[in-house]
file model-v3.cif (mmCIF, C-alpha atoms)
data_query
loop_
_atom_site.group_PDB
_atom_site.id
_atom_site.type_symbol
_atom_site.label_atom_id
_atom_site.label_comp_id
_atom_site.auth_asym_id
_atom_site.auth_seq_id
_atom_site.Cartn_x
_atom_site.Cartn_y
_atom_site.Cartn_z
ATOM 1 C CA MET A 1 -108.789 -6.564 198.297
ATOM 2 C CA GLN A 2 -112.226 -7.246 199.422
ATOM 3 C CA SER A 3 -114.812 -9.170 197.511
ATOM 4 C CA SER A 4 -117.096 -6.155 197.497
ATOM 5 C CA ASP A 5 -114.538 -4.167 195.470
ATOM 6 C CA ARG A 6 -114.497 -6.785 192.757
ATOM 7 C CA ARG A 7 -116.811 -5.935 189.890
ATOM 8 C CA GLU A 8 -118.681 -8.610 187.994
ATOM 9 C CA PHE A 9 -118.389 -8.776 184.240
ATOM 10 C CA GLU A 10 -121.590 -7.368 182.804
ATOM 11 C CA GLY A 11 -121.224 -8.677 179.231
ATOM 12 C CA ASP A 12 -120.862 -5.409 177.361
ATOM 13 C CA ALA A 13 -117.828 -6.614 175.371
ATOM 14 C CA GLY A 14 -119.763 -7.463 172.189
ATOM 15 C CA ALA A 15 -121.797 -10.342 170.864
ATOM 16 C CA PRO A 16 -121.959 -13.500 172.930
ATOM 17 C CA LEU A 17 -119.778 -16.404 171.869
ATOM 18 C CA PRO A 18 -121.449 -18.975 169.615
ATOM 19 C CA ASP A 19 -122.261 -22.442 170.787
ATOM 20 C CA PHE A 20 -119.238 -24.479 169.713
ATOM 21 C CA SER A 21 -120.822 -27.776 170.626
ATOM 22 C CA ALA A 22 -123.152 -27.710 167.574
ATOM 23 C CA PRO A 23 -121.712 -28.262 164.068
ATOM 24 C CA SER A 24 -121.674 -25.366 161.655
ATOM 25 C CA PRO A 25 -124.160 -25.426 158.761
ATOM 26 C CA ALA A 26 -121.848 -23.118 156.805
ATOM 27 C CA LEU A 27 -119.274 -25.917 156.674
ATOM 28 C CA GLY A 28 -121.782 -28.338 155.245
ATOM 29 C CA VAL A 29 -122.335 -30.217 158.495
ATOM 30 C CA SER A 30 -125.979 -30.556 159.335
ATOM 31 C CA VAL A 31 -127.577 -31.487 162.602
ATOM 32 C CA ASN A 32 -130.026 -33.799 160.820
ATOM 33 C CA LYS A 33 -129.332 -37.483 161.007
ATOM 34 C CA GLN A 34 -130.501 -37.946 157.408
ATOM 35 C CA PRO A 35 -127.767 -37.916 154.734
ATOM 36 C CA ASP A 36 -127.721 -35.236 152.067
ATOM 37 C CA TYR A 37 -127.502 -36.572 148.527
ATOM 38 C CA LEU A 38 -125.923 -34.736 145.640
ATOM 39 C CA ASP A 39 -127.777 -34.386 142.377
ATOM 40 C CA TYR A 40 -126.234 -36.857 139.968
ATOM 41 C CA ASP A 41 -126.681 -36.820 136.224
ATOM 42 C CA GLN A 42 -126.894 -40.403 135.023
ATOM 43 C CA LYS A 43 -125.589 -39.558 131.560
ATOM 44 C CA GLY A 44 -122.295 -38.128 132.802
ATOM 45 C CA ARG A 45 -120.835 -34.762 131.922
ATOM 46 C CA GLY A 46 -122.821 -32.044 130.221
ATOM 47 C CA ILE A 47 -122.657 -31.231 126.527
ATOM 48 C CA VAL A 48 -120.550 -28.091 126.918
ATOM 49 C CA VAL A 49 -118.023 -29.714 129.265
ATOM 50 C CA THR A 50 -117.659 -32.673 126.913
ATOM 51 C CA MET A 51 -117.343 -30.362 123.922
ATOM 52 C CA PHE A 52 -114.548 -28.321 125.521
ATOM 53 C CA ALA A 53 -112.641 -31.411 126.654
ATOM 54 C CA ASN A 54 -112.951 -33.187 123.308
ATOM 55 C CA SER A 55 -112.079 -30.139 121.234
ATOM 56 C CA GLY A 56 -109.051 -29.327 123.383
ATOM 57 C CA VAL A 57 -107.625 -32.826 123.158
ATOM 58 C CA ALA A 58 -108.375 -33.069 119.435
ATOM 59 C CA TYR A 59 -106.779 -29.683 118.712
ATOM 60 C CA LEU A 60 -103.670 -30.624 120.683
ATOM 61 C CA LEU A 61 -103.306 -33.987 118.958
ATOM 62 C CA GLY A 62 -103.972 -32.492 115.532
ATOM 63 C CA SER A 63 -101.406 -29.754 116.084
ATOM 64 C CA CYS A 64 -98.783 -32.247 117.273
ATOM 65 C CA PHE A 65 -99.282 -34.763 114.476
ATOM 66 C CA GLY A 66 -99.645 -32.026 111.871
ATOM 67 C CA GLY A 67 -96.445 -30.466 113.169
ATOM 68 C CA LEU A 68 -94.638 -33.809 112.889
ATOM 69 C CA TYR A 69 -95.928 -34.216 109.341
ATOM 70 C CA GLY A 70 -94.802 -30.653 108.609
ATOM 71 C CA LEU A 71 -91.368 -31.470 110.005
ATOM 72 C CA GLN A 72 -91.042 -34.394 107.623
ATOM 73 C CA GLU A 73 -92.338 -32.346 104.696
ATOM 74 C CA GLY A 74 -90.103 -29.391 105.539
ATOM 75 C CA ILE A 75 -86.976 -31.527 105.664
ATOM 76 C CA SER A 76 -87.745 -33.453 102.483
ATOM 77 C CA LYS A 77 -88.961 -30.487 100.386
ATOM 78 C CA SER A 78 -86.385 -27.896 101.353
ATOM 79 C CA PRO A 79 -85.337 -25.921 98.244
ATOM 80 C CA SER A 80 -81.719 -25.575 99.413
ATOM 81 C CA SER A 81 -79.153 -27.386 101.494
ATOM 82 C CA ARG A 82 -78.293 -24.235 103.486
ATOM 83 C CA PHE A 83 -79.181 -24.557 107.168
ATOM 84 C CA ARG A 84 -81.107 -21.298 107.405
ATOM 85 C CA VAL A 85 -83.252 -22.178 104.400
ATOM 86 C CA GLN A 86 -83.945 -25.654 105.804
ATOM 87 C CA VAL A 87 -84.968 -24.227 109.189
ATOM 88 C CA ASN A 88 -87.259 -21.736 107.448
ATOM 89 C CA SER A 89 -88.785 -24.536 105.363
ATOM 90 C CA VAL A 90 -89.367 -26.705 108.441
ATOM 91 C CA LEU A 91 -90.981 -23.839 110.362
ATOM 92 C CA ASN A 92 -93.235 -22.943 107.427
ATOM 93 C CA HIS A 93 -94.392 -26.525 106.923
ATOM 94 C CA CYS A 94 -94.871 -27.187 110.654
ATOM 95 C CA GLY A 95 -96.941 -24.049 111.045
ATOM 96 C CA ARG A 96 -99.021 -24.747 107.968
ATOM 97 C CA HIS A 97 -99.799 -28.414 108.637
ATOM 98 C CA GLY A 98 -99.969 -28.188 112.436
ATOM 99 C CA SER A 99 -102.542 -25.416 112.441
ATOM 100 C CA ARG A 100 -104.574 -26.991 109.636
ATOM 101 C CA TRP A 101 -104.753 -30.421 111.286
ATOM 102 C CA GLY A 102 -105.398 -28.945 114.728
ATOM 103 C CA ASN A 103 -108.248 -26.752 113.511
ATOM 104 C CA ALA A 104 -109.805 -29.560 111.462
ATOM 105 C CA LEU A 105 -109.739 -32.059 114.320
ATOM 106 C CA GLY A 106 -110.995 -29.429 116.777
ATOM 107 C CA VAL A 107 -114.001 -28.701 114.551
ATOM 108 C CA VAL A 108 -114.692 -32.423 114.122
ATOM 109 C CA ALA A 109 -114.586 -32.885 117.904
ATOM 110 C CA ILE A 110 -116.996 -29.986 118.459
ATOM 111 C CA LEU A 111 -119.436 -31.335 115.867
ATOM 112 C CA TYR A 112 -119.232 -34.843 117.298
ATOM 113 C CA SER A 113 -119.823 -33.599 120.854
ATOM 114 C CA LEU A 114 -122.801 -31.481 119.816
ATOM 115 C CA TYR A 115 -124.416 -34.304 117.824
ATOM 116 C CA GLU A 116 -123.833 -36.826 120.601
ATOM 117 C CA GLY A 117 -125.207 -34.415 123.194
ATOM 118 C CA GLY A 118 -128.252 -33.754 121.019
ATOM 119 C CA ALA A 119 -128.863 -37.482 120.591
ATOM 120 C CA ASP A 120 -128.572 -37.975 124.350
ATOM 121 C CA HIS A 121 -130.872 -35.019 125.013
ATOM 122 C CA PHE A 122 -133.570 -36.410 122.736
ATOM 123 C CA ASP A 123 -132.918 -39.911 124.143
ATOM 124 C CA LEU A 124 -132.182 -41.514 120.780
ATOM 125 C CA ASP A 125 -131.340 -44.819 122.484
ATOM 126 C CA SER A 126 -134.993 -45.362 123.410
ATOM 127 C CA TYR A 127 -136.001 -45.347 119.720
ATOM 128 C CA THR A 128 -133.354 -47.717 118.371
ATOM 129 C CA GLY A 129 -133.985 -50.816 120.468
ATOM 130 C CA PRO A 130 -131.194 -53.389 120.291
ATOM 131 C CA ILE A 131 -128.613 -51.061 118.732
ATOM 132 C CA GLN A 132 -126.390 -50.353 121.702
ATOM 133 C CA PRO A 133 -124.339 -47.213 120.865
ATOM 134 C CA ALA A 134 -127.030 -45.345 118.933
ATOM 135 C CA ALA A 135 -126.002 -41.831 119.992
ATOM 136 C CA PRO A 136 -122.284 -42.220 119.122
ATOM 137 C CA ALA A 137 -123.144 -43.914 115.820
ATOM 138 C CA PHE A 138 -125.522 -41.089 114.917
ATOM 139 C CA ALA A 139 -122.941 -38.506 115.999
ATOM 140 C CA GLY A 140 -120.168 -40.156 113.970
ATOM 141 C CA PHE A 141 -122.258 -40.283 110.798
ATOM 142 C CA MET A 142 -123.612 -36.751 111.149
ATOM 143 C CA THR A 143 -120.184 -35.318 111.989
ATOM 144 C CA GLY A 144 -118.624 -36.720 108.829
ATOM 145 C CA ALA A 145 -121.610 -35.722 106.710
ATOM 146 C CA THR A 146 -121.661 -32.179 108.095
ATOM 147 C CA PHE A 147 -117.904 -31.693 107.823
ATOM 148 C CA TYR A 148 -117.890 -32.589 104.133
ATOM 149 C CA SER A 149 -121.342 -31.260 103.235
ATOM 150 C CA GLY A 150 -119.829 -28.499 101.117
ATOM 151 C CA ALA A 151 -118.158 -31.031 98.827
ATOM 152 C CA GLY A 152 -121.462 -32.487 97.658
ATOM 153 C CA PRO A 153 -123.847 -35.237 98.721
ATOM 154 C CA ARG A 154 -121.632 -38.157 97.639
ATOM 155 C CA ALA A 155 -118.633 -36.863 99.573
ATOM 156 C CA ALA A 156 -120.843 -36.125 102.585
ATOM 157 C CA LEU A 157 -122.301 -39.635 102.484
ATOM 158 C CA LEU A 158 -118.821 -41.149 102.231
ATOM 159 C CA ALA A 159 -117.488 -39.026 105.086
ATOM 160 C CA GLY A 160 -120.524 -39.906 107.204
ATOM 161 C CA SER A 161 -119.923 -43.587 106.509
ATOM 162 C CA ILE A 162 -116.279 -43.189 107.535
ATOM 163 C CA GLY A 163 -117.382 -41.520 110.772
ATOM 164 C CA LEU A 164 -119.879 -44.316 111.406
ATOM 165 C CA GLY A 165 -117.143 -46.863 110.701
ATOM 166 C CA ALA A 166 -114.773 -45.146 113.138
ATOM 167 C CA VAL A 167 -117.394 -45.382 115.890
ATOM 168 C CA GLY A 168 -117.980 -49.041 114.959
ATOM 169 C CA VAL A 169 -114.257 -49.824 115.206
ATOM 170 C CA THR A 170 -114.110 -48.066 118.579
ATOM 171 C CA TYR A 171 -117.126 -50.030 119.801
ATOM 172 C CA ALA A 172 -115.599 -53.305 118.577
ATOM 173 C CA GLY A 173 -112.340 -52.459 120.351
ATOM 174 C CA TYR A 174 -114.130 -51.775 123.620
ATOM 175 C CA THR A 175 -116.095 -55.019 123.260
ATOM 176 C CA ALA A 176 -112.940 -57.028 122.504
ATOM 177 C CA LEU A 177 -111.244 -55.603 125.602
ATOM 178 C CA GLY A 178 -114.312 -56.377 127.734
ATOM 179 C CA MET A 179 -114.921 -52.764 128.754
ATOM 180 C CA PRO A 180 -118.269 -50.994 128.606
ATOM 181 C CA TYR A 181 -118.500 -48.622 125.652
ATOM 182 C CA GLY A 182 -117.484 -45.071 126.565
ATOM 183 C CA SER A 183 -115.969 -45.957 129.932
ATOM 184 C CA ARG A 184 -112.583 -44.453 128.983
ATOM 185 C CA GLY A 185 -113.617 -41.038 127.685
#
call {"tool": "encode", "arguments": {"input": "model-v3.cif", "output": "structure tokens"}}
result
Amino acid sequence: MQSSDRREFEGDAGAPLPDFSAPSPALGVSVNKQPDYLDYDQKGRGIVVTMFANSGVAYLLGSCFGGLYGLQEGISKSPSSRFRVQVNSVLNHCGRHGSRWGNALGVVAILYSLYEGGADHFDLDSYTGPIQPAAPAFAGFMTGATFYSGAGPRAALLAGSIGLGAVGVTYAGYTALGMPYGSRG
């Protein structure tokens, strides 16, 4: 074969190959020497994410503990000693108490998350001064008051005080353990 018979490749096989020496911007690698920073929310997760997480955990715990209470009630209040009647009694009580406790705690968790998110949105901490957990305290009181608002003002005030007390006990526990408030969920 002679060199004159050899044909040169003319490049009609498609698009030219990309430059593999440069990093790909589609993979998030930039040519710039400056680092890219992610937007970071200083207050943590958003209201909706917190609400879903809190309500899911509260519903699960309420259903489990309500089911255990229903198991105890079903065994102790069975109308007969026959096995089938006892099983039916246990299932009825577990279903009744498990769903009731789960729904109640899920609603409380949703209310608490919404009130705490609202207090964070309106920056309630800037108005309270030395009171450290102002948003959780407000959320605890308002959750209890809202949950029992249909029972009258005295019951709502009592339930709000219980919610405020629960947040206070949680805050005291965190302080006693030396952890910053809210660092564990």
call {"tool": "closest_residue", "arguments": {"input": "model-v3.cif", "among": "A:Gly46, A:Gly140, A:Pro79, A:Gly165", "to": "Tyr115 (chain A)", "atoms": "only C-alpha atoms"}}
result
A:Gly140
call {"tool": "closest_atom_pairs", "arguments": {"input": "model-v3.cif", "of": "region 104-158 of chain A", "to": "region 54-76 of chain A", "cutoff": "8 Å", "atoms": "all atoms listed in the file", "output": "CSV"}}
result
residue,atom,partner,partner_atom,distance
A:Ala104,CA,A:Gly62,CA,7.7
A:Leu105,CA,A:Ala58,CA,5.4
A:Gly106,CA,A:Ser55,CA,4.6
A:Val107,CA,A:Ser55,CA,7.1
A:Val108,CA,A:Ser55,CA,7.9
A:Ala109,CA,A:Ser55,CA,5.0
A:Ile110,CA,A:Ser55,CA,5.6
A:Ser113,CA,A:Asn54,CA,7.3
call {"tool": "resolve_selection", "arguments": {"input": "model-v3.cif", "expression": "the PyMOL selection byres ((chain A and resi 118) around 12)", "output": "VMD selection string"}}
result
chain A and resid 46 to 48 51 111 to 117 119 to 125 134 to 136 138 to 139 142
call {"tool": "residues_around", "arguments": {"input": "model-v3.cif", "residues": "region 167-173 of chain A", "least_positions_apart": "4", "cutoff": "10 Å", "atoms": "all atoms listed in the file", "output": "MDAnalysis selection string"}}
result
chainID A and resid 132:133 136:141 161:163 177:182
call {"tool": "atom_distance", "arguments": {"input": "model-v3.cif", "atom1": "CA of Asn103 (chain A)", "atom2": "CA of Phe52 (chain A)"}}
result
13.7 Å
call {"tool": "atom_distance", "arguments": {"input": "model-v3.cif", "atom1": "CA of Gly95 (chain A)", "atom2": "CA of Ser80 (chain A)"}}
result
19.2 Å
call {"tool": "atom_distance", "arguments": {"input": "model-v3.cif", "atom1": "CA of Tyr148 (chain A)", "atom2": "CA of Arg45 (chain A)"}}
result
28.0 Å
